[in-house]
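A short write-up of the structure that comes next.
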Amino acid sequence: MHTPPLAPLKAAMGPSAPLLLLFFLSWIGPLQGQQHHLVEYMERRLAALEERLAQCQEQSSRHAAELRDFKNKMLPLLEVAEKERETLRTEADSISGRVDRLEREVDYLETQNPALPCVELDEKVTGGPGAKGKGRRNEKYDMVTDCSYTVSQVRSMKILKRFGGSSGLWTKDPLGPAEKIYVLDGTQNDTAFVFPRLRDFTLAMAARKASRIRVPFPWVGTGQLVYGGFLYYARRPPGGPGGGGELENTLQLIKFHLANRTVVDSSVFPAESLIPPYGLTADTYIDLAADEEGLWAVYATRDDDRHLCLAKLDPQTLDTEQQWDTPCPRENAEAAFVICGTLYVVYNTRPASRARIQCSFDASGTLAPERAALSYFPRRYGAHASLRYNPRERQLYAWDDGYQIVYKLEMKKKEEEV
């Protein structure tokens with residue numbers, strides 16, 4: 001005989017078994033109902049998730065199809081753009097080649113047909129402007145070094161940056177630290193910037209890296225020079241050029257010690273009635289220069305207002321050792337520099353065009369004017385406010401309308417005059 005499942009339980013519980021069984025059954029019923037509702041809720045959530053996943057899959061498939069269609073449309077356009085880019089590149093290379101070829105042809109023509117030497121016919125007959133000079137020695141200069149080089153051509157240029165105004169000077173000390181840069185902005189100023197190295201000068205906020213040196217008297221023009229730890233410059237004394245008085249058209253040379261920041265010497269330049277030596281640089285009255293031989297000065301006077309004069313100075317005492325009247329005209333001159341005792345004058349036009357070395361004068365008489373190279377500067381149309389030659393590097397430091405430029409020079413041996 002089959003025994004009901006609850007019979008053992010009833011037997012074990014005794015007389016109170018019906019009550020316990022009733023309580024157990026009343027507790028199990030609601031629990032089964034809650035489980036049923038939970039299962040239904042989970043099924044609904046799973047169904048919703050499956051529906052969303054299906055929608056996402058459908059949207060992904062649609063986007064993938066749209067992306068394939070867009071790619072198929074863009075590929076031909078990209079191929080066309082690439083072909084056009086190659087065509088433009090080819091045309092640009094062709095134009096660049098034509099320009100280079102044209103510039104080479106122009107340079108060749110300039111070489112074959114150089115500018116006329118700046119020696120005038122009446123000067124050759126009468127002995128030059130020196131025949132009219134008063135007390136000028138015009139003797140051949142005795143070289144103190146074996147320097148025998150002359151400029152063959154201005155080979156290349158590098159534009160460093162733009163700093164300051166349209167006129168100024170930047171240079172190195174050919175006898176001092178090789179890296180230090182000196183910048184003198186403006187034609188009437190009293191503060192020089194000193195940079196420890198060229199890299200500091202080329203920074204965007206270069207002025208913050210510079211130390212400042214203030215001179216006791218403002219300089220005049222852009223004819224200053226840093227040489228052997230000293231700053232040489234021309235000062236307009238009371239009554240100097242433009243000031244009226246007894247010292248009208250005279251200038252005072254100042255020798256300023258850069259380390260001690262003191263004036264160690266001064267001298268009135270021994271030339272009367274000074275006028276700007278360069279027709280295109282009206283603010284400069286004395287242009288100081290340094291080469292392998294030492295210190296020089298380029299100037300002009302009313303005694304011969306058509307040509308430049310050259311003087312050899314003693315850097316220790318500022319005394320004038322020798323003077324020469326050169327055949328180089330003032331008209332359209334913008335700057336000059338000296339190399340191995342030879343003065344090279346740079347000419348331009350107004351408005352500015354391509355600068356050129358059109359006149360040279362060798363104080364030692366070794367280099368004949370007609371044998372000197374008449375060289376054009378690299379392809380840049382501007383106006384040089386100053387040019388400084390560094391004999392250590394054989395480079396020119398130029399100030400061109402606020403741009404600081406370095407020119408590299410190609411040299412050759414001077415030919416002995418027959």
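By order of appearance in the structure tokens: chains A, B, ..., then residues from 1 within every chain, and ligands from 1 in the order shown.
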
(message) Using only C-alpha atoms, which protein or nucleic acid residues come within 12 Å of Asp200 of chain A? Drop anything in the same chain fewer than 3 positions from it, and give the result as a count of residues only.
(response) 20

(request) Find the residues around Thr250 of chain A up to 8 Å (only C-alpha atoms counted), leave out those fewer than 4 positions away in its own chain, and share them as a ChimeraX atom specification. (result) /A:236-237,240-241,268-269,271-274

(message) What's around segment 383-392 of chain A at 6 Å? Count only C-alpha atoms, leave out sequence neighbours fewer than 3 positions away in its own chain, and write the answer as JSON, numbers by chain.
(response) {"A": [167, 169, 174, 291, 335, 352, 395, 396, 397, 398, 399, 400]}

(request) Identify all residues of segment 137-238 of chain A in alpha helix (DSSP H) (DSSP on the backbone) and supply them as a ChimeraX atom specification. (result) /A:198-201,206-209

Can you build me a table of segment 225-293 of chain A residues sitting at most 9 Å from segment 309-318 of chain A, with the closest atom pair per residue and its distance in Å to one decimal, using only C-alpha atoms, sorted by chain and residue number, as a Markdown table?
```
| residue | atom | partner | partner_atom | distance |
| --- | --- | --- | --- | --- |
| A:Tyr227 | CA | A:Pro315 | CA | 8.5 |
| A:Gly228 | CA | A:Pro315 | CA | 8.9 |
| A:Tyr232 | CA | A:Pro315 | CA | 8.9 |
| A:Leu253 | CA | A:Leu318 | CA | 7.6 |
| A:Ile254 | CA | A:Leu318 | CA | 8.6 |
| A:Lys255 | CA | A:Leu318 | CA | 8.0 |
| A:Asp265 | CA | A:Thr317 | CA | 7.2 |
| A:Ser266 | CA | A:Leu318 | CA | 7.3 |
| A:Ser267 | CA | A:Leu318 | CA | 6.5 |
| A:Phe269 | CA | A:Leu318 | CA | 8.6 |
| A:Pro277 | CA | A:Cys309 | CA | 8.0 |
```

(request) Write out as an MDAnalysis selection string the residues lying within 8 Å of Pro369 of chain A, counting only C-alpha atoms and excluding same-chain residues fewer than 5 positions away. (result) chainID A and resid 117 359:362

Please save all heavy atoms of the selected residues as an mmCIF file, in the first residue's frame.
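That gives us again-v1.cif:
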```cif
data_model
loop_
_atom_site.group_PDB
_atom_site.id
_atom_site.type_symbol
_atom_site.label_atom_id
_atom_site.label_comp_id
_atom_site.auth_asym_id
_atom_site.auth_seq_id
_atom_site.Cartn_x
_atom_site.Cartn_y
_atom_site.Cartn_z
ATOM 1 N N PRO A 117 83.260 100.530 -64.497
ATOM 2 C CA PRO A 117 84.073 100.916 -63.343
ATOM 3 C C PRO A 117 83.805 102.367 -62.970
ATOM 4 O O PRO A 117 83.435 103.189 -63.802
ATOM 5 C CB PRO A 117 85.508 100.714 -63.834
ATOM 6 C CG PRO A 117 85.395 99.755 -64.974
ATOM 7 C CD PRO A 117 84.067 100.027 -65.613
ATOM 8 N N CYS A 359 82.456 99.396 -57.041
ATOM 9 C CA CYS A 359 83.707 100.147 -56.980
ATOM 10 C C CYS A 359 84.573 99.588 -55.867
ATOM 11 O O CYS A 359 84.077 99.209 -54.798
ATOM 12 C CB CYS A 359 83.430 101.634 -56.741
ATOM 13 S SG CYS A 359 84.921 102.662 -56.811
ATOM 14 N N SER A 360 85.875 99.537 -56.123
ATOM 15 C CA SER A 360 86.828 99.103 -55.109
ATOM 16 C C SER A 360 88.070 99.986 -55.192
ATOM 17 O O SER A 360 88.411 100.519 -56.253
ATOM 18 C CB SER A 360 87.210 97.630 -55.293
ATOM 19 O OG SER A 360 87.843 97.445 -56.551
ATOM 20 N N PHE A 361 88.717 100.131 -54.049
ATOM 21 C CA PHE A 361 89.929 100.929 -53.967
ATOM 22 C C PHE A 361 90.898 100.228 -53.037
ATOM 23 O O PHE A 361 90.618 100.024 -51.850
ATOM 24 C CB PHE A 361 89.614 102.338 -53.445
ATOM 25 C CG PHE A 361 90.832 103.158 -53.168
ATOM 26 C CD1 PHE A 361 91.547 103.750 -54.200
ATOM 27 C CD2 PHE A 361 91.280 103.341 -51.865
ATOM 28 C CE1 PHE A 361 92.692 104.499 -53.948
ATOM 29 C CE2 PHE A 361 92.414 104.092 -51.599
ATOM 30 C CZ PHE A 361 93.125 104.670 -52.636
ATOM 31 N N ASP A 362 92.066 99.839 -53.588
ATOM 32 C CA ASP A 362 93.095 99.159 -52.813
ATOM 33 C C ASP A 362 94.099 100.199 -52.341
ATOM 34 O O ASP A 362 94.828 100.803 -53.143
ATOM 35 C CB ASP A 362 93.783 98.102 -53.669
ATOM 36 C CG ASP A 362 94.731 97.236 -52.849
ATOM 37 O OD1 ASP A 362 94.909 97.523 -51.645
ATOM 38 O OD2 ASP A 362 95.298 96.283 -53.407
#
```
